[in-house]
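The next block holds one structure in the form of structure tokens; read it before the comments.
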Amino acid sequence: MKQKKWLSWLLVPAACVVIAGCSSEEGSSEGEDETADSDTQDTLVFGRGADSTSLDPAKETDGETFYVTQQIYDTLIQYKPGTTELEPALAEEWDSNDDGTEFTLQLREDVTFQDGTEFNAEAVVANFERWMSSEDYVYYGSMFGGYGDEEDNIIENVEATGDFEVTFRLRQPSAPFLKNLAMSPFAIASPEAFDTLEEEPVGTGPFTLSDWRRDDSITLDKNEEYWDEGKPHLNTIIFQVIPDNSSRLTALQNGEIDLMDGVNPSDQSKIENDENLQTFMRPPLNVAYMPMNNETEPFDDPVVRKAVNHAIDKEALINGFYEGNAETAKNMLPPTVDGYNDEVQEYEFDPDQAKELLEEGGYEEGELTIDLWTMDNPRPYMPAPQKIAESIQSDLSDIGIDAEIQTLDWSTYLEKAQAGEMPSFLIGWIGDNGDADNFLYTLLSTGSGNNYAFYSNEEADELMAEAQAETDEGKRAELYKEVQEIIHEDAPTVPLVHYESIMAGSDTLDGYIPAPTGSERFTDVSFTE
């Protein structure tokens, strides 16, 4: 068996925020002893680029949070590994009425939250009442349209119709409703812990929080009372922050971590030629893009937004930073999702046309200066954000736009994006449920908390609402194609690429399947001897 080389940062006490469980010294020594004494490794160290923003998935929108919360909480329904197909989780079965306005779920019995309280229908109702109570729960508004008694909130009522039966009554049919229930933000938490979930998460999932060192590591321990008998196979998971991709790969090669995301595309062949490592490809259910705040100058003018779209050489980005493992994006919807409109004509890389459009918008060459923001850590859809920003900066300079690159830490970056404080910046989206609604409505409907472009088009909103209520998948697809035509004409963002991101792990890692949604569970993961 290949022995783990424990990292020095796991063995040396450090200033940290200890949220629950053992002290940092106890956690490290126990993990080391267990690994040394066991015939089979039972601790997974996962290297990633940034820390979670909190551990309350209902309040967050970032994958770094969901990586961890997927292990602590369960959803009512979940996705089959590696897909967006649905399978039972806390709900064992479900059905709906003929017009799709009422869904009844039968819940598992004999499940307890990690604080010892009972999971039942009343707990489910309490979670939904919490989410629909405040705009702090951004995802709820994005996926279900509104809050509380608002007419836009498609959930009219959630009722415990039995001890282990819950019924959802909708104001209108919702085709993606069940897929939405499986999304990471709608994991079920203990009502007794609502006030402290951000730092002290309590779910019914396979792992519990042991230790959190801010911006360093999060340690999870096996939930011995987990309802899925025989699982999980691991005793401990450590999510270790290593911001630099190359440093993370070095740690993997040295046996200091077991799994990593954010592999530089240029390192793929090196990993594949290393007999001690293996690669995993995450299905490309994503889009990397550049939002432009449609409410502020100069991006309140669609002519300027079109100029920027023509200015950026996407093929150069793919060749320079993605090693060919990406395709240019012309829509905000990936080609793999039903409803994708391939008839939309891409804004071709054409600096001359971009200059003409800038002049049409009232800007002579050299008159326009903007800030271009980028995150300080790689993301699954953007392996080299600083370099990609520099390439875009160069493209914009060629048409007379002076773009000054600004950088922020990931948590602050997301806060400023939601507040509209960055007029142009780089970001991406990994689909949560495989449905077109989760890209188009979530990212571009008026008032959505994830609409970082602050885009608003009444016709597009009406078509997206119609598509949500349409249960005929063929008709839904046609409606979404119309929406993409409208969005393309308005050009609220620059869709950049769809990326099949690379992950790497130890050759002894078994049972790991990357999820297209970007946040998989480690319930079935183990190590071979």
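Labels used: A, B, ... for chains in the order of the structure tokens, numbers from 1 for residues in each chain, and numbers from 1 for ligands as shown.
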- Item | All helix (DSSP H, G or I) positions in segment 71-232 of chain A, as a ChimeraX atom specification | /A:71-72,121-131,138-144,177-181,184-186,191-196
DSSP on the backbone, strand (DSSP E) only: what residues of segment 385-445 of chain A does that give? Format it as a list in words.
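So, restricting segment 385-445 of chain A to strand (DSSP E), we get Ile401, Asp402, Ala403, Glu404, Ile405, Gln406, Thr407, Leu408, Ile427, Gly428, Trp429 and Ile430 of chain A.
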Let me see the file: selected residues, N, CA, C and O atoms, as a PDB file, in the first residue's frame.
```
ATOM      1  N   ILE A 401      -9.807  50.075 -26.005  1.00  0.00           N
ATOM      2  CA  ILE A 401     -10.336  50.088 -24.638  1.00  0.00           C
ATOM      3  C   ILE A 401      -9.199  49.780 -23.671  1.00  0.00           C
ATOM      4  O   ILE A 401      -8.527  48.743 -23.792  1.00  0.00           O
ATOM      5  N   ASP A 402      -8.993  50.673 -22.724  1.00  0.00           N
ATOM      6  CA  ASP A 402      -7.967  50.476 -21.699  1.00  0.00           C
ATOM      7  C   ASP A 402      -8.606  49.763 -20.516  1.00  0.00           C
ATOM      8  O   ASP A 402      -9.385  50.362 -19.773  1.00  0.00           O
ATOM      9  N   ALA A 403      -8.299  48.484 -20.356  1.00  0.00           N
ATOM     10  CA  ALA A 403      -8.878  47.683 -19.271  1.00  0.00           C
ATOM     11  C   ALA A 403      -7.832  47.494 -18.177  1.00  0.00           C
ATOM     12  O   ALA A 403      -6.762  46.933 -18.414  1.00  0.00           O
ATOM     13  N   GLU A 404      -8.146  47.965 -16.984  1.00  0.00           N
ATOM     14  CA  GLU A 404      -7.252  47.825 -15.840  1.00  0.00           C
ATOM     15  C   GLU A 404      -7.700  46.622 -15.016  1.00  0.00           C
ATOM     16  O   GLU A 404      -8.836  46.577 -14.533  1.00  0.00           O
ATOM     17  N   ILE A 405      -6.822  45.642 -14.849  1.00  0.00           N
ATOM     18  CA  ILE A 405      -7.167  44.402 -14.158  1.00  0.00           C
ATOM     19  C   ILE A 405      -7.162  44.615 -12.639  1.00  0.00           C
ATOM     20  O   ILE A 405      -6.208  45.157 -12.081  1.00  0.00           O
ATOM     21  N   GLN A 406      -8.241  44.183 -12.011  1.00  0.00           N
ATOM     22  CA  GLN A 406      -8.377  44.250 -10.562  1.00  0.00           C
ATOM     23  C   GLN A 406      -8.628  42.830 -10.049  1.00  0.00           C
ATOM     24  O   GLN A 406      -9.312  42.041 -10.707  1.00  0.00           O
ATOM     25  N   THR A 407      -8.103  42.517  -8.868  1.00  0.00           N
ATOM     26  CA  THR A 407      -8.220  41.168  -8.322  1.00  0.00           C
ATOM     27  C   THR A 407      -8.712  41.225  -6.877  1.00  0.00           C
ATOM     28  O   THR A 407      -8.344  42.122  -6.122  1.00  0.00           O
ATOM     29  N   LEU A 408      -9.548  40.248  -6.529  1.00  0.00           N
ATOM     30  CA  LEU A 408     -10.066  40.126  -5.177  1.00  0.00           C
ATOM     31  C   LEU A 408     -10.058  38.671  -4.734  1.00  0.00           C
ATOM     32  O   LEU A 408     -10.068  37.766  -5.584  1.00  0.00           O
ATOM     33  N   ILE A 427     -16.235  35.309 -14.611  1.00  0.00           N
ATOM     34  CA  ILE A 427     -16.940  34.407 -13.703  1.00  0.00           C
ATOM     35  C   ILE A 427     -17.360  33.196 -14.529  1.00  0.00           C
ATOM     36  O   ILE A 427     -17.085  33.117 -15.723  1.00  0.00           O
ATOM     37  N   GLY A 428     -18.029  32.279 -13.913  1.00  0.00           N
ATOM     38  CA  GLY A 428     -18.548  31.125 -14.645  1.00  0.00           C
ATOM     39  C   GLY A 428     -19.710  30.520 -13.890  1.00  0.00           C
ATOM     40  O   GLY A 428     -20.025  30.925 -12.771  1.00  0.00           O
ATOM     41  N   TRP A 429     -20.340  29.564 -14.527  1.00  0.00           N
ATOM     42  CA  TRP A 429     -21.485  28.894 -13.923  1.00  0.00           C
ATOM     43  C   TRP A 429     -21.412  27.420 -14.249  1.00  0.00           C
ATOM     44  O   TRP A 429     -21.205  27.035 -15.407  1.00  0.00           O
ATOM     45  N   ILE A 430     -21.552  26.595 -13.232  1.00  0.00           N
ATOM     46  CA  ILE A 430     -21.649  25.146 -13.411  1.00  0.00           C
ATOM     47  C   ILE A 430     -23.092  24.772 -13.159  1.00  0.00           C
ATOM     48  O   ILE A 430     -23.645  25.083 -12.102  1.00  0.00           O
TER      49      ILE A 430
END
```
If we count only C-alpha atoms and set the cut-off at 8 Å, which residues sit around Ser448 of chain A, ignoring sequence neighbours fewer than 4 positions away in its own chain? Please answer as a ChimeraX atom specification. /A:138,141-142,441-444
As an exercise, work out the distance from atom CA of Val287 of chain A to atom CA of Val337 of chain A in Å and give it to one decimal place.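 Distance between the two atoms: 11.8 Å.
Atom to atom, atom CA of Asn157 of chain A and atom CA of Asp461 of chain A stand 23.8 Å apart.
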Enumerate, in order of chain and increasing residue number, the residues of segment 114-223 of chain A with an atom no farther than 12 Å from segment 475-499 of chain A, each with its shortest atom pair and distance in Å to one decimal, counting only C-alpha atoms, as CSV.
```
residue,atom,partner,partner_atom,distance
A:Ser174,CA,A:Arg476,CA,11.2
A:Ala175,CA,A:Arg476,CA,8.9
A:Pro176,CA,A:Arg476,CA,10.7
```
File of the preceding selection, C-alpha atoms, as a short mmCIF file (atom, residue, chain, number, x, y, z; two decimals), in the first residue's frame:
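File produced: again.cif:
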```
data_model
loop_
_atom_site.label_atom_id
_atom_site.label_comp_id
_atom_site.auth_asym_id
_atom_site.auth_seq_id
_atom_site.Cartn_x
_atom_site.Cartn_y
_atom_site.Cartn_z
CA SER A 174 -42.96 23.66 -12.94
CA ALA A 175 -41.16 21.29 -15.29
CA PRO A 176 -37.79 21.44 -13.47
#
```
